[in-house]
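Q: Sharing target25.cif, mmCIF, C-alpha atoms:
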```
data_work
#
loop_
_atom_site.label_atom_id
_atom_site.label_comp_id
_atom_site.auth_asym_id
_atom_site.auth_seq_id
_atom_site.Cartn_x
_atom_site.Cartn_y
_atom_site.Cartn_z
CA MET D 25 -6.22 41.37 -39.57
CA LEU D 26 -6.21 43.87 -36.74
CA ARG D 27 -2.62 43.05 -35.76
CA HIS D 28 -1.60 43.70 -39.37
CA THR D 29 -3.29 47.11 -39.36
CA PHE D 30 -1.45 50.43 -39.21
CA LEU D 31 -4.17 52.75 -40.51
CA HIS D 32 -5.14 53.83 -37.01
CA VAL D 33 -1.71 55.36 -36.42
CA PRO D 34 -1.78 59.15 -37.01
CA GLY D 35 -0.06 59.97 -40.28
CA VAL D 36 -0.35 56.45 -41.70
CA GLY D 37 -2.61 56.07 -44.73
CA GLU D 38 -3.23 53.18 -47.10
CA LYS D 39 -0.07 53.92 -49.08
CA THR D 40 2.19 53.85 -46.01
CA GLU D 41 0.48 50.76 -44.61
CA ARG D 42 1.02 48.92 -47.87
CA TRP D 43 4.64 50.13 -47.99
CA LEU D 44 5.23 48.69 -44.51
CA TRP D 45 3.78 45.34 -45.60
CA GLN D 46 5.98 45.33 -48.70
CA ASN D 47 8.99 45.86 -46.43
CA ASN D 48 8.11 42.80 -44.33
CA ILE D 49 6.55 44.76 -41.50
CA LEU D 50 3.44 42.62 -41.54
CA SER D 51 2.27 43.08 -37.96
CA TRP D 52 2.69 45.22 -34.88
CA GLU D 53 5.15 42.71 -33.47
CA ASP D 54 7.18 42.83 -36.68
CA TYR D 55 7.53 46.57 -36.34
CA LEU D 56 8.61 46.45 -32.70
CA LYS D 57 11.26 43.82 -33.54
CA ASN D 58 12.51 45.17 -36.86
CA SER D 59 11.73 48.89 -36.99
CA TYR D 60 15.45 49.66 -37.40
CA GLN D 61 15.28 48.09 -40.86
CA VAL D 62 12.61 50.53 -42.06
CA LYS D 63 13.57 53.95 -43.37
CA LEU D 64 11.02 56.40 -42.02
CA PRO D 65 11.29 59.87 -40.47
CA ARG D 66 12.19 59.79 -36.79
CA LYS D 67 8.88 61.39 -35.81
CA MET D 68 6.95 58.66 -37.66
CA HIS D 69 9.00 55.97 -35.93
CA LEU D 70 8.15 57.47 -32.54
CA THR D 71 4.46 57.68 -33.42
CA LEU D 72 4.37 54.11 -34.69
CA SER D 73 6.13 52.74 -31.62
CA LEU D 74 3.82 54.62 -29.27
CA PHE D 75 0.58 53.67 -31.03
CA ILE D 76 1.54 50.05 -31.48
CA LYS D 77 2.12 49.79 -27.73
CA PHE D 78 -1.25 51.49 -27.16
CA SER D 79 -2.83 49.04 -29.62
CA LEU D 80 -1.42 45.95 -27.93
CA ASP D 81 -2.62 47.23 -24.57
CA ALA D 82 -6.08 48.02 -25.95
CA LEU D 83 -6.34 44.55 -27.46
CA LEU D 84 -5.22 42.92 -24.21
CA ARG D 85 -7.85 44.88 -22.28
CA GLY D 86 -10.58 44.30 -24.85
CA ASN D 87 -10.84 48.04 -25.43
CA VAL D 88 -12.58 48.25 -28.80
CA TYR D 89 -13.23 51.97 -28.28
CA PHE D 90 -9.56 52.74 -28.90
CA PHE D 91 -9.84 51.29 -32.39
CA LYS D 92 -13.21 52.95 -33.00
CA LYS D 93 -11.60 56.29 -32.23
CA PHE D 94 -8.55 55.92 -34.44
CA LEU D 95 -9.44 53.53 -37.28
CA PRO D 96 -11.20 55.01 -40.34
CA GLU D 97 -14.89 54.08 -40.15
CA ARG D 98 -14.79 52.17 -43.44
CA GLU D 99 -12.04 49.93 -42.02
CA LEU D 100 -13.66 49.02 -38.70
CA TRP D 101 -14.45 45.55 -40.10
CA ARG D 102 -10.85 44.70 -39.25
CA VAL D 103 -11.64 44.42 -35.53
CA TYR D 104 -14.12 41.57 -36.00
CA PRO D 105 -12.11 38.37 -35.27
CA GLU D 106 -10.45 39.77 -32.15
CA PHE D 107 -13.85 40.87 -30.79
CA ARG D 108 -15.95 38.02 -32.20
CA LYS D 109 -17.01 36.82 -28.76
CA LYS D 110 -18.24 40.32 -27.92
CA THR D 111 -20.17 40.80 -31.17
CA ALA D 112 -23.95 41.15 -31.42
CA PHE D 113 -25.77 40.57 -34.69
CA LEU D 114 -28.87 42.74 -34.67
CA ASP D 115 -32.05 43.24 -36.68
CA ILE D 116 -35.37 44.88 -35.85
CA GLU D 117 -38.95 44.46 -37.04
CA THR D 118 -41.27 47.46 -37.06
CA THR D 119 -44.80 48.48 -38.01
CA GLY D 120 -43.45 50.73 -40.77
CA LEU D 121 -40.53 52.77 -42.05
CA GLY D 122 -40.28 55.30 -39.26
CA LYS D 123 -43.30 57.58 -39.32
CA ASP D 124 -44.57 59.07 -36.07
CA THR D 125 -47.07 56.24 -35.64
CA ASP D 126 -44.58 53.41 -36.37
CA TYR D 127 -42.82 51.48 -33.63
CA ILE D 128 -40.50 48.52 -33.05
CA THR D 129 -42.23 45.18 -32.65
CA VAL D 130 -39.23 42.86 -32.25
CA VAL D 131 -35.49 43.24 -31.75
CA GLY D 132 -33.49 40.12 -32.57
CA LEU D 133 -30.02 39.71 -31.07
CA PHE D 134 -27.60 36.87 -31.81
CA ASP D 135 -24.16 36.51 -30.22
CA GLY D 136 -23.00 33.67 -32.45
CA GLU D 137 -24.42 31.03 -30.13
CA LYS D 138 -27.52 32.33 -28.38
CA MET D 139 -30.55 34.02 -29.95
CA ARG D 140 -32.58 36.52 -27.96
CA PHE D 141 -35.77 38.38 -28.77
CA PHE D 142 -37.01 41.62 -27.26
CA ILE D 143 -40.72 41.99 -27.94
CA GLN D 144 -42.97 45.03 -27.73
CA GLY D 145 -45.31 44.68 -24.76
CA LYS D 146 -43.20 41.95 -23.16
CA ASN D 147 -39.49 42.59 -22.59
CA LEU D 148 -38.48 45.26 -25.12
CA GLN D 149 -37.05 47.52 -22.42
CA ASP D 150 -34.50 44.83 -21.49
CA PHE D 151 -32.68 45.52 -24.75
CA THR D 152 -30.96 48.64 -23.42
CA ARG D 153 -29.37 46.62 -20.62
CA VAL D 154 -28.34 43.61 -22.70
CA ILE D 155 -26.79 45.51 -25.61
CA LYS D 156 -24.25 47.08 -23.23
CA ARG D 157 -22.55 43.67 -22.91
CA TYR D 158 -21.23 43.85 -26.46
CA SER D 159 -18.30 45.65 -28.05
CA VAL D 160 -19.31 45.24 -31.71
CA ILE D 161 -22.74 45.47 -33.37
CA VAL D 162 -23.28 44.02 -36.86
CA THR D 163 -26.31 45.00 -38.95
CA TYR D 164 -27.47 45.22 -42.54
CA ASN D 165 -28.52 48.80 -43.31
CA GLY D 166 -28.49 49.49 -39.59
CA LYS D 167 -26.82 52.86 -40.05
CA ARG D 168 -29.89 54.21 -41.82
CA PHE D 169 -32.65 52.16 -40.22
CA ASP D 170 -32.11 49.94 -37.17
CA LEU D 171 -29.91 52.14 -35.00
CA PRO D 172 -31.77 55.43 -35.64
CA PHE D 173 -35.07 53.64 -34.90
CA LEU D 174 -33.64 52.22 -31.68
CA LYS D 175 -32.25 55.59 -30.60
CA THR D 176 -35.65 57.20 -31.10
CA THR D 177 -37.46 54.37 -29.31
CA PHE D 178 -35.18 54.47 -26.28
CA ASN D 179 -34.82 58.26 -25.94
CA ASN D 180 -31.60 58.63 -27.92
CA LEU D 181 -29.92 55.50 -26.58
CA ASP D 182 -26.20 55.81 -27.25
CA PHE D 183 -24.32 53.12 -29.16
CA PRO D 184 -20.63 53.47 -28.19
CA GLN D 185 -19.82 50.09 -29.75
CA VAL D 186 -18.09 49.61 -33.08
CA HIS D 187 -20.89 49.34 -35.63
CA ILE D 188 -20.25 47.29 -38.76
CA ASP D 189 -22.95 47.85 -41.38
CA LEU D 190 -22.62 45.01 -43.87
CA ARG D 191 -24.55 46.84 -46.55
CA TYR D 192 -21.64 49.17 -47.31
CA LEU D 193 -19.01 46.45 -47.18
CA LEU D 194 -21.03 44.22 -49.50
CA ASN D 195 -21.43 47.17 -51.87
CA ARG D 196 -17.65 47.54 -51.92
CA LEU D 197 -17.45 43.86 -52.88
CA GLY D 198 -19.96 44.29 -55.69
CA TYR D 199 -23.13 43.01 -53.99
CA PHE D 200 -26.14 45.33 -54.07
CA GLY D 201 -29.79 45.21 -53.07
CA GLY D 202 -31.69 44.08 -50.02
CA LEU D 203 -30.56 41.46 -47.53
CA LYS D 204 -32.64 38.66 -49.03
CA ARG D 205 -31.43 39.36 -52.55
CA ILE D 206 -27.81 39.13 -51.41
CA GLU D 207 -28.52 35.95 -49.45
CA LYS D 208 -29.86 34.35 -52.63
CA ALA D 209 -26.83 35.51 -54.62
CA LEU D 210 -24.59 33.81 -52.06
CA GLY D 211 -26.65 30.63 -51.88
CA ILE D 212 -27.98 31.21 -48.36
CA LYS D 213 -31.27 29.39 -47.87
CA ARG D 214 -33.97 30.24 -45.35
CA CYS D 215 -36.22 27.75 -43.58
CA GLU D 216 -39.29 26.71 -45.54
CA MET D 217 -41.76 28.47 -43.23
CA VAL D 218 -40.38 31.97 -43.81
CA LYS D 219 -38.38 31.77 -47.02
CA ASP D 220 -40.89 33.79 -49.06
CA LEU D 221 -41.85 36.33 -46.39
CA THR D 222 -41.07 40.04 -46.74
CA GLY D 223 -40.97 43.03 -44.43
CA TYR D 224 -44.59 43.73 -45.26
CA ASP D 225 -45.49 40.20 -44.18
CA ALA D 226 -43.73 40.90 -40.88
CA VAL D 227 -46.07 43.86 -40.30
CA LYS D 228 -49.12 41.71 -41.08
CA LEU D 229 -47.89 38.97 -38.74
CA TRP D 230 -47.60 41.48 -35.91
CA ASN D 231 -51.12 42.73 -36.53
CA ARG D 232 -52.42 39.17 -36.51
CA TYR D 233 -50.68 38.63 -33.19
CA LEU D 234 -52.33 41.75 -31.76
CA ASP D 235 -55.65 40.39 -32.97
CA GLY D 236 -55.14 37.32 -30.80
CA ASP D 237 -53.17 34.87 -32.96
CA PRO D 238 -50.16 33.64 -30.90
CA GLU D 239 -48.86 31.51 -33.78
CA ALA D 240 -48.35 34.67 -35.85
CA LEU D 241 -45.80 35.86 -33.31
CA GLU D 242 -43.90 32.57 -33.56
CA VAL D 243 -43.70 32.94 -37.34
CA LEU D 244 -42.55 36.55 -36.95
CA LEU D 245 -39.80 35.49 -34.57
CA SER D 246 -38.71 32.76 -36.98
CA TYR D 247 -38.55 35.35 -39.75
CA ASN D 248 -36.44 37.66 -37.61
CA ARG D 249 -34.19 34.78 -36.51
CA GLU D 250 -33.30 34.09 -40.14
CA ASP D 251 -32.41 37.75 -40.67
CA VAL D 252 -30.18 37.89 -37.62
CA VAL D 253 -28.44 34.51 -37.78
CA ASN D 254 -27.61 35.02 -41.45
CA LEU D 255 -25.79 38.23 -40.54
CA LYS D 256 -23.09 36.12 -38.90
CA TYR D 257 -22.57 34.13 -42.10
CA LEU D 258 -22.41 37.36 -44.09
CA MET D 259 -19.95 38.92 -41.64
CA GLU D 260 -17.61 35.93 -41.97
CA PHE D 261 -17.97 36.04 -45.76
CA VAL D 262 -17.31 39.79 -45.93
CA TYR D 263 -14.32 39.56 -43.62
CA ARG D 264 -12.63 36.86 -45.74
CA LYS D 265 -13.32 38.77 -48.95
CA MET D 266 -12.10 42.08 -47.58
CA VAL D 267 -8.85 40.56 -46.32
CA LYS D 268 -8.31 38.85 -49.66
CA SER D 269 -8.97 42.11 -51.54
CA LEU D 270 -6.00 43.74 -49.79
CA ALA D 271 -3.66 41.32 -51.61
CA CYS D 272 -1.15 41.48 -48.77
CA PRO D 273 1.92 39.26 -48.26
CA PHE D 274 0.42 37.67 -45.13
CA ASN D 275 -2.45 36.34 -47.26
CA LYS D 276 -0.15 34.15 -49.31
#
```
Would you write the structure of this file as structure tokens?
A:
Amino acid sequence: MLRHTFLHVPGVGEKTERWLWQNNILSWEDYLKNSYQVKLPRKMHLTLSLFIKFSLDALLRGNVYFFKKFLPERELWRVYPEFRKKTAFLDIETTGLGKDTDYITVVGLFDGEKMRFFIQGKNLQDFTRVIKRYSVIVTYNGKRFDLPFLKTTFNNLDFPQVHIDLRYLLNRLGYFGGLKRIEKALGIKRCEMVKDLTGYDAVKLWNRYLDGDPEALEVLLSYNREDVVNLKYLMEFVYRKMVKSLACPFNK
């Protein structure tokens, strides 16, 4: 989808992008080859040519920050396939909703193949080093909860990556509610051990662990794993649906 995108070019909005598609300019390469066939002001042609060359260079170099700077925030989902191998799916567990006494207990990170946990009192500080390896972060409600909590925990840790919050994209597609409710609506099943657990149960499991029950931590990690791994399924689902919703010629 990213190579079909023109919204990051200054002066190009949804109407112009769609007009380009309708005139068989379906990708950056199409424009560079056939721009002479498109009737646009000379200044717009110059801008398009320049930014498409910048875009191809950024993609070649894996520079996601170029697209973060110029793409509208609500359209950043378009970068996902090209940066799939540099994407981290992230979810945190905490002792509460963010009061002064609350803190992070577990950070779960999944790169599409490997699952990692960062646990309070063990290796939580390693998170700040590992997260720098990724270009894209995918969360559910992370804009309001996970990332602010992490920034506070790690002294305003910066997140320069592209952040895709699936909550807002799923809302645009007509899916509302918490993560587990949406999973059920889409037929996503959790493992038997944690399928009925809630965020409150996660707090209780952590307290049991602190009281000397090591098995409680294993259950908590399993609960978090389901949250994080399912984000990848949801990201793939959202991406397909968002592309389809554009009703573009290259979808046919």
Q: Please provide as an MDAnalysis selection string all residues within 9 Å of region 268-270 of chain D, with the sequence filter that same-chain residues fewer than 4 positions apart are discarded (counting only C-alpha atoms).
A: chainID D and resid 42 197 263:264 275
Q: Which one is closest to Leu44 (chain D): D:Leu72, D:Leu258, D:Leu100, D:Leu26? Count only C-alpha atoms.
A: D:Leu72
Q: Suppose a student applies the PyMOL selection byres ((chain D and resi 105) around 12) to this structure; what residues should they get, written as a list of chain:residue names?
A: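 Taken over the shown coordinates, the PyMOL selection byres ((chain D and resi 105) around 12) returns D:Met25, D:Leu26, D:Arg27, D:Leu83, D:Val88, D:Leu100, D:Trp101, D:Arg102, D:Val103, D:Tyr104, D:Glu106, D:Phe107, D:Arg108, D:Lys109, D:Lys110, D:Thr111, D:Ser159, D:Val160, D:Lys256, D:Met259, D:Glu260, D:Val262, D:Tyr263, D:Arg264, D:Val267.
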Q: For the selection just defined, write its residues with C-alpha atoms to a file, as a PDB file, in the frame of the given file.
A:
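Dumped to result23.pdb:
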```
ATOM      1  CA  MET D  25      -6.220  41.370 -39.570  1.00  0.00           C
ATOM      2  CA  LEU D  26      -6.210  43.870 -36.740  1.00  0.00           C
ATOM      3  CA  ARG D  27      -2.620  43.050 -35.760  1.00  0.00           C
ATOM      4  CA  LEU D  83      -6.340  44.550 -27.460  1.00  0.00           C
ATOM      5  CA  VAL D  88     -12.580  48.250 -28.800  1.00  0.00           C
ATOM      6  CA  LEU D 100     -13.660  49.020 -38.700  1.00  0.00           C
ATOM      7  CA  TRP D 101     -14.450  45.550 -40.100  1.00  0.00           C
ATOM      8  CA  ARG D 102     -10.850  44.700 -39.250  1.00  0.00           C
ATOM      9  CA  VAL D 103     -11.640  44.420 -35.530  1.00  0.00           C
ATOM     10  CA  TYR D 104     -14.120  41.570 -36.000  1.00  0.00           C
ATOM     11  CA  GLU D 106     -10.450  39.770 -32.150  1.00  0.00           C
ATOM     12  CA  PHE D 107     -13.850  40.870 -30.790  1.00  0.00           C
ATOM     13  CA  ARG D 108     -15.950  38.020 -32.200  1.00  0.00           C
ATOM     14  CA  LYS D 109     -17.010  36.820 -28.760  1.00  0.00           C
ATOM     15  CA  LYS D 110     -18.240  40.320 -27.920  1.00  0.00           C
ATOM     16  CA  THR D 111     -20.170  40.800 -31.170  1.00  0.00           C
ATOM     17  CA  SER D 159     -18.300  45.650 -28.050  1.00  0.00           C
ATOM     18  CA  VAL D 160     -19.310  45.240 -31.710  1.00  0.00           C
ATOM     19  CA  LYS D 256     -23.090  36.120 -38.900  1.00  0.00           C
ATOM     20  CA  MET D 259     -19.950  38.920 -41.640  1.00  0.00           C
ATOM     21  CA  GLU D 260     -17.610  35.930 -41.970  1.00  0.00           C
ATOM     22  CA  VAL D 262     -17.310  39.790 -45.930  1.00  0.00           C
ATOM     23  CA  TYR D 263     -14.320  39.560 -43.620  1.00  0.00           C
ATOM     24  CA  ARG D 264     -12.630  36.860 -45.740  1.00  0.00           C
ATOM     25  CA  VAL D 267      -8.850  40.560 -46.320  1.00  0.00           C
TER      26      VAL D 267
END
```
Q: List every protein, DNA or RNA residue that has an atom no more than 8 Å from (-25.2, 45.2, -48.5) in the file's coordinate frame, counting all atoms listed in the file, and report them as a ChimeraX atom specification.
A: /D:164-165,189-195,199-203,206
Q: With a distance cut-off of 9 Å and all atoms listed in the file, select the neighbouring residues of Lys167 (chain D), excluding the residue or stretch itself and same-chain residues fewer than 4 positions from it, and output the selection as a list in words.
A: Thr163, Leu171, Pro172, His187, Ile188 and Asp189 of chain D
Q: Identify all residues satisfying the PyMOL selection byres ((chain D and resi 247) around 12) in the given file; provide them as a PyMOL selection string.
A: chain D and resi 115-117+130-132+141+204+214-227+229-230+240-246+248-254
Q: Report as an mmCIF file with C-alpha atoms, keeping the file's coordinate frame the residues that result from applying the PyMOL selection byres ((chain D and resi 156) around 12) to the structure here.
A:
```cif
data_model
loop_
_atom_site.group_PDB
_atom_site.id
_atom_site.type_symbol
_atom_site.label_atom_id
_atom_site.label_comp_id
_atom_site.auth_asym_id
_atom_site.auth_seq_id
_atom_site.Cartn_x
_atom_site.Cartn_y
_atom_site.Cartn_z
ATOM 1 C CA LYS D 110 -18.240 40.320 -27.920
ATOM 2 C CA THR D 111 -20.170 40.800 -31.170
ATOM 3 C CA ALA D 112 -23.950 41.150 -31.420
ATOM 4 C CA ASP D 150 -34.500 44.830 -21.490
ATOM 5 C CA PHE D 151 -32.680 45.520 -24.750
ATOM 6 C CA THR D 152 -30.960 48.640 -23.420
ATOM 7 C CA ARG D 153 -29.370 46.620 -20.620
ATOM 8 C CA VAL D 154 -28.340 43.610 -22.700
ATOM 9 C CA ILE D 155 -26.790 45.510 -25.610
ATOM 10 C CA ARG D 157 -22.550 43.670 -22.910
ATOM 11 C CA TYR D 158 -21.230 43.850 -26.460
ATOM 12 C CA SER D 159 -18.300 45.650 -28.050
ATOM 13 C CA VAL D 160 -19.310 45.240 -31.710
ATOM 14 C CA ILE D 161 -22.740 45.470 -33.370
ATOM 15 C CA LEU D 181 -29.920 55.500 -26.580
ATOM 16 C CA ASP D 182 -26.200 55.810 -27.250
ATOM 17 C CA PHE D 183 -24.320 53.120 -29.160
ATOM 18 C CA PRO D 184 -20.630 53.470 -28.190
ATOM 19 C CA GLN D 185 -19.820 50.090 -29.750
ATOM 20 C CA VAL D 186 -18.090 49.610 -33.080
#
```
Q: Given the choices D:Lys228, D:Ile143, D:Leu121, D:Arg66, which gets closest to Arg168 (chain D) if the distance is worked out from all atoms listed in the file?
A: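 Smallest distance to Arg168 (chain D) is found for D:Leu121.
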Q: Quick one: distance from CA of Phe173 (chain D) to CA of Gly145 (chain D) in Å, one decimal?
A: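 Separation of CA of Phe173 (chain D) and CA of Gly145 (chain D): 17.0 Å.
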Q: Which of these residues is nearest to Pro34 (chain D), using all atoms listed in the file: D:Phe78, D:Tyr257, D:Tyr233, D:Phe94?
A: D:Phe94
Q: How many Å lie between CA of Ile76 (chain D) and CA of Ile49 (chain D), rounded to one decimal?
A: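 Separating CA of Ile76 (chain D) from CA of Ile49 (chain D) is a distance of 12.4 Å.
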Q: So what do you get for CA of Phe261 (chain D) versus CA of Glu53 (chain D), distance-wise?
A: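 Between these atoms lies a distance of 27.0 Å.
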Q: Choose the residue, out of D:Ile212, D:Leu234, D:Cys272, D:Leu84, that has the smallest atom-to-atom separation from Glu41 (chain D); count all atoms listed in the file.
A: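 Closest to Glu41 (chain D) of all the choices is D:Cys272.
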Q: Point out the residue among D:Leu148, D:Leu70, D:Ala271, D:Val33 with the least atom-to-atom distance to Leu133 (chain D), counting all atoms listed in the file.
A: D:Leu148
Q: Would you pick out the contacts of His32 (chain D) at 8 Å or less, using only C-alpha atoms, so that residues sharing its chain but fewer than 6 positions from it are not included, and give the list as a count of residues only?
A: 4
Q: Provide region 80-97 of chain D rebuilt to N, CA and C atoms, formatted as an mmCIF file, in the frame of the given file.
A:
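Final output, saved to part_28.cif:
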```cif
data_model
loop_
_atom_site.group_PDB
_atom_site.id
_atom_site.type_symbol
_atom_site.label_atom_id
_atom_site.label_comp_id
_atom_site.auth_asym_id
_atom_site.auth_seq_id
_atom_site.Cartn_x
_atom_site.Cartn_y
_atom_site.Cartn_z
ATOM 1 N N LEU D 80 -1.572 47.246 -28.603
ATOM 2 C CA LEU D 80 -1.420 45.950 -27.930
ATOM 3 C C LEU D 80 -2.098 45.982 -26.564
ATOM 4 N N ASP D 81 -1.973 47.097 -25.876
ATOM 5 C CA ASP D 81 -2.620 47.230 -24.570
ATOM 6 C C ASP D 81 -4.136 47.242 -24.711
ATOM 7 N N ALA D 82 -4.635 47.959 -25.722
ATOM 8 C CA ALA D 82 -6.080 48.020 -25.950
ATOM 9 C C ALA D 82 -6.635 46.636 -26.282
ATOM 10 N N LEU D 83 -5.902 45.892 -27.089
ATOM 11 C CA LEU D 83 -6.340 44.550 -27.460
ATOM 12 C C LEU D 83 -6.341 43.631 -26.244
ATOM 13 N N LEU D 84 -5.322 43.735 -25.419
ATOM 14 C CA LEU D 84 -5.220 42.920 -24.210
ATOM 15 C C LEU D 84 -6.385 43.204 -23.257
ATOM 16 N N ARG D 85 -6.779 44.471 -23.186
ATOM 17 C CA ARG D 85 -7.850 44.880 -22.280
ATOM 18 C C ARG D 85 -9.242 44.754 -22.894
ATOM 19 N N GLY D 86 -9.292 44.380 -24.177
ATOM 20 C CA GLY D 86 -10.580 44.300 -24.850
ATOM 21 C C GLY D 86 -11.213 45.655 -25.075
ATOM 22 N N ASN D 87 -10.371 46.664 -25.275
ATOM 23 C CA ASN D 87 -10.840 48.040 -25.430
ATOM 24 C C ASN D 87 -11.078 48.362 -26.903
ATOM 25 N N VAL D 88 -12.265 48.024 -27.390
ATOM 26 C CA VAL D 88 -12.580 48.250 -28.800
ATOM 27 C C VAL D 88 -12.729 49.743 -29.104
ATOM 28 N N TYR D 89 -12.989 50.538 -28.080
ATOM 29 C CA TYR D 89 -13.230 51.970 -28.280
ATOM 30 C C TYR D 89 -11.980 52.701 -28.752
ATOM 31 N N PHE D 90 -10.820 52.178 -28.398
ATOM 32 C CA PHE D 90 -9.560 52.740 -28.900
ATOM 33 C C PHE D 90 -9.518 52.645 -30.419
ATOM 34 N N PHE D 91 -9.889 51.489 -30.941
ATOM 35 C CA PHE D 91 -9.840 51.290 -32.390
ATOM 36 C C PHE D 91 -10.971 52.046 -33.083
ATOM 37 N N LYS D 92 -12.116 52.164 -32.427
ATOM 38 C CA LYS D 92 -13.210 52.950 -33.000
ATOM 39 C C LYS D 92 -12.791 54.412 -33.146
ATOM 40 N N LYS D 93 -12.019 54.894 -32.201
ATOM 41 C CA LYS D 93 -11.600 56.290 -32.230
ATOM 42 C C LYS D 93 -10.583 56.564 -33.327
ATOM 43 N N PHE D 94 -9.671 55.624 -33.562
ATOM 44 C CA PHE D 94 -8.550 55.920 -34.440
ATOM 45 C C PHE D 94 -8.611 55.260 -35.822
ATOM 46 N N LEU D 95 -9.341 54.159 -35.959
ATOM 47 C CA LEU D 95 -9.440 53.530 -37.280
ATOM 48 C C LEU D 95 -10.449 54.290 -38.148
ATOM 49 N N PRO D 96 -10.186 54.449 -39.453
ATOM 50 C CA PRO D 96 -11.200 55.010 -40.340
ATOM 51 C C PRO D 96 -12.469 54.168 -40.274
ATOM 52 N N GLU D 97 -13.618 54.803 -40.310
ATOM 53 C CA GLU D 97 -14.890 54.080 -40.150
ATOM 54 C C GLU D 97 -15.041 52.958 -41.162
#
```
